[in-house]
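Structure file query.txt; described as compact mmCIF, C-alpha atoms.
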```txt
# COMPACT_ATOMS: atom_id res chain seq x y z
CA MET A 16 115.74 10.98 16.28
CA PHE A 17 114.09 7.80 14.91
CA GLN A 18 116.51 7.81 11.97
CA THR A 19 119.40 7.85 14.42
CA PHE A 20 117.84 4.86 16.20
CA GLU A 21 117.51 2.97 12.90
CA LYS A 22 121.24 3.39 12.24
CA LEU A 23 122.18 1.72 15.53
CA ALA A 24 123.33 -1.89 15.61
CA LEU A 25 120.82 -4.56 16.63
CA ARG A 26 122.70 -5.14 19.87
CA THR A 27 122.45 -1.47 20.81
CA LYS A 28 118.76 -1.38 19.89
CA LEU A 29 118.10 -4.41 22.11
CA ILE A 30 120.02 -2.86 25.00
CA VAL A 31 118.02 0.37 24.63
CA ALA A 32 114.74 -1.58 24.45
CA PHE A 33 115.54 -3.71 27.49
CA THR A 34 116.62 -0.63 29.40
CA GLY A 35 113.22 0.90 28.65
CA VAL A 36 111.46 -2.27 29.80
CA LEU A 37 113.53 -2.33 33.00
CA ILE A 38 112.69 1.30 33.71
CA CYS A 39 108.98 0.54 33.23
CA LEU A 40 109.30 -2.50 35.48
CA ALA A 41 111.05 -0.40 38.13
CA GLY A 42 108.16 2.07 37.97
CA VAL A 43 105.62 -0.71 38.44
CA ILE A 44 107.61 -2.10 41.37
CA LEU A 45 107.80 1.34 43.01
CA PHE A 46 104.05 1.73 42.53
CA ALA A 47 103.44 -1.66 44.18
CA ILE A 48 105.76 -0.81 47.08
CA SER A 49 103.92 2.47 47.53
CA GLY A 50 100.62 0.55 47.64
CA PHE A 51 102.00 -1.81 50.26
CA ASN A 52 103.24 1.17 52.28
CA GLU A 53 99.82 2.84 52.14
CA LEU A 54 98.17 -0.42 53.18
CA ASN A 55 100.57 -0.72 56.10
CA ILE A 56 99.89 2.87 57.19
CA THR A 57 96.11 2.39 56.89
CA THR A 58 96.26 -0.86 58.85
CA GLU A 59 98.32 0.80 61.60
CA GLU A 60 95.88 3.72 61.78
CA MET A 61 92.92 1.34 62.04
CA TYR A 62 94.71 -0.59 64.77
CA GLN A 63 95.42 2.58 66.73
CA LYS A 64 91.91 4.00 66.29
CA HIS A 65 89.73 0.91 66.62
CA LEU A 66 91.45 -2.25 67.73
CA MET A 67 93.22 -0.77 70.74
CA GLY A 68 89.80 -0.18 72.26
CA ILE A 69 89.08 -3.90 72.20
CA SER A 70 91.80 -4.47 74.80
CA TYR A 71 89.72 -2.38 77.21
CA LEU A 72 86.58 -4.47 76.67
CA SER A 73 87.69 -7.11 79.17
CA GLN A 74 88.09 -4.51 81.90
CA ILE A 75 84.78 -2.90 80.99
CA ASN A 76 83.14 -6.34 81.04
CA ARG A 77 84.54 -7.05 84.53
CA ASP A 78 83.33 -3.64 85.69
CA ASN A 79 79.85 -4.33 84.28
CA HIS A 80 79.73 -7.68 86.13
CA ALA A 81 80.74 -5.97 89.38
CA ILE A 82 78.01 -3.36 88.91
CA ALA A 83 75.44 -6.05 88.20
CA SER A 84 76.47 -7.99 91.34
CA ALA A 85 76.18 -4.86 93.45
CA VAL A 86 72.73 -4.14 92.00
CA GLU A 87 71.55 -7.69 92.79
CA GLU A 88 72.82 -7.46 96.39
CA GLN A 89 71.16 -4.11 96.96
CA ALA A 90 67.86 -4.70 95.21
CA ALA A 91 66.03 -2.45 97.70
CA THR A 92 68.11 0.67 96.97
CA THR A 93 66.91 3.99 95.60
CA GLY A 94 66.11 5.02 92.02
CA GLU A 95 69.61 6.51 91.74
CA MET A 96 71.04 3.01 91.50
CA GLY A 97 68.43 2.25 88.84
CA ARG A 98 69.74 5.18 86.79
CA SER A 99 73.31 3.82 87.17
CA VAL A 100 72.20 0.47 85.78
CA SER A 101 70.52 2.26 82.90
CA THR A 102 73.74 4.17 82.20
CA ALA A 103 75.71 0.90 82.24
CA ALA A 104 73.24 -0.59 79.72
CA ILE A 105 73.67 2.41 77.41
CA SER A 106 77.46 2.06 77.67
CA SER A 107 77.19 -1.63 76.78
CA SER A 108 75.10 -0.70 73.74
CA GLU A 109 77.73 1.83 72.66
CA ILE A 110 80.44 -0.80 73.12
CA ALA A 111 78.48 -3.24 70.96
CA SER A 112 78.14 -0.53 68.31
CA ASN A 113 81.92 0.11 68.43
CA ILE A 114 82.63 -3.62 68.07
CA ASN A 115 80.42 -3.65 64.97
CA SER A 116 82.41 -0.70 63.58
CA VAL A 117 85.68 -2.55 64.21
CA SER A 118 84.29 -5.61 62.45
CA GLU A 119 83.33 -3.55 59.39
CA THR A 120 86.78 -1.94 59.36
CA ALA A 121 88.43 -5.37 59.55
CA GLN A 122 86.34 -6.53 56.59
CA SER A 123 87.41 -3.45 54.65
CA THR A 124 91.04 -4.21 55.48
CA THR A 125 90.57 -7.78 54.26
CA VAL A 126 89.25 -6.49 50.94
CA GLY A 127 92.20 -4.07 50.67
CA ALA A 128 94.64 -6.88 51.42
CA ALA A 129 93.00 -9.08 48.78
CA ASN A 130 93.32 -6.27 46.23
CA THR A 131 96.97 -5.80 47.13
CA GLN A 132 97.57 -9.52 46.84
CA GLN A 133 95.92 -9.55 43.42
CA ALA A 134 98.10 -6.61 42.31
CA ALA A 135 101.19 -8.44 43.55
CA ALA A 136 100.16 -11.57 41.63
CA GLU A 137 99.69 -9.51 38.48
CA LEU A 138 103.08 -7.89 39.01
CA ALA A 139 104.66 -11.33 39.42
CA LYS A 140 102.98 -12.47 36.20
CA ILE A 141 104.28 -9.40 34.33
CA ALA A 142 107.76 -9.99 35.71
CA SER A 143 107.60 -13.63 34.61
CA GLU A 144 106.48 -12.62 31.13
CA LEU A 145 109.27 -10.05 30.91
CA GLN A 146 111.79 -12.62 32.06
CA SER A 147 110.62 -15.06 29.41
CA LEU A 148 110.83 -12.33 26.75
CA VAL A 149 114.35 -11.47 27.83
CA ALA A 150 115.32 -15.16 27.73
CA LYS A 151 114.25 -15.37 24.06
CA PHE A 152 116.80 -12.77 22.99
CA THR A 153 120.42 -13.67 22.54
CA ILE A 154 123.23 -11.35 21.67
```

Whole structure, C-alpha cells version:
Amino acid sequence: MFQTFEKLALRTKLIVAFTGVLICLAGVILFAISGFNELNITTEEMYQKHLMGISYLSQINRDNHAIASAVEEQAATTGEMGRSVSTAAISSSEIASNINSVSETAQSTTVGAANTQQAAAELAKIASELQSLVAKFTI
C-alpha cells in the first residue's frame, strides 16, 4: 500500500494528506461540540435541581418574617408556638445549607466553563496552525 502511495503524484499526495488533516480536524471539532453539549446539559440540570429553589427563597423569607411578627405580638402564648419558631429556625438552617450547596455547584460550573474555554482556545490555536500549514503549500 505504501508503494502505491509513493507512485502517486505530489499533488495527489498533498490532497490525500490534507484530507487526512481535515478529517482529524473534523473529529476534534465534533469532540469539542460534544463537550459543549455536555456542559449545556449539566448546566441545565444544575439549574433545574438547585437554582430553581432560590426563586422560592423570597417567599420563604416573607413567610419567616410573618411568623416572627406573629410570635412577637403573641409573646404570652403557649409552648406550641415556641416549637413552631424552633421549626422555622431549623428550616432557615436547611435553607442556608442549600444555598451553600448551590454556591459550590456554581463554582464547579465556573471551573467547567473555564476548562471548556481553554479547550476552545486550544482548538482555535490548532485550527490557526493548520490554516498556516495549508497556506504554505501551493499546487

Which of A:Ser123, A:Ser116, A:Thr102, A:Thr34 sits closest to Thr58 in chain A [using only C-alpha atoms]:
A:Ser123

Using only C-alpha atoms, can you tell me which of A:Ile114, A:Ile48, A:Leu54, A:Ala103 comes closest to Ile75 in chain A?
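Under the stated criterion, the closest residue is A:Ala103.
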
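Straight-line separation from CA of Arg98 in chain A to CA of Ala111 in chain A: 19.9 Å.
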
List as a PyMOL selection string the protein and nucleic acid residues near range 133-138 of chain A, meaning an atom at most 10 Å away when only C-alpha atoms are counted, but skip any in the same chain fewer than 5 places from it.
chain A and resi 40+43-44+47-48+50-51+127-128+143-144

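Between CA of Leu23 in chain A and CA of Phe152 in chain A the separation is 17.2 Å.
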
Atom pair CA of Thr19 in chain A / CA of Gly35 in chain A: separation (Å):
17.0 Å
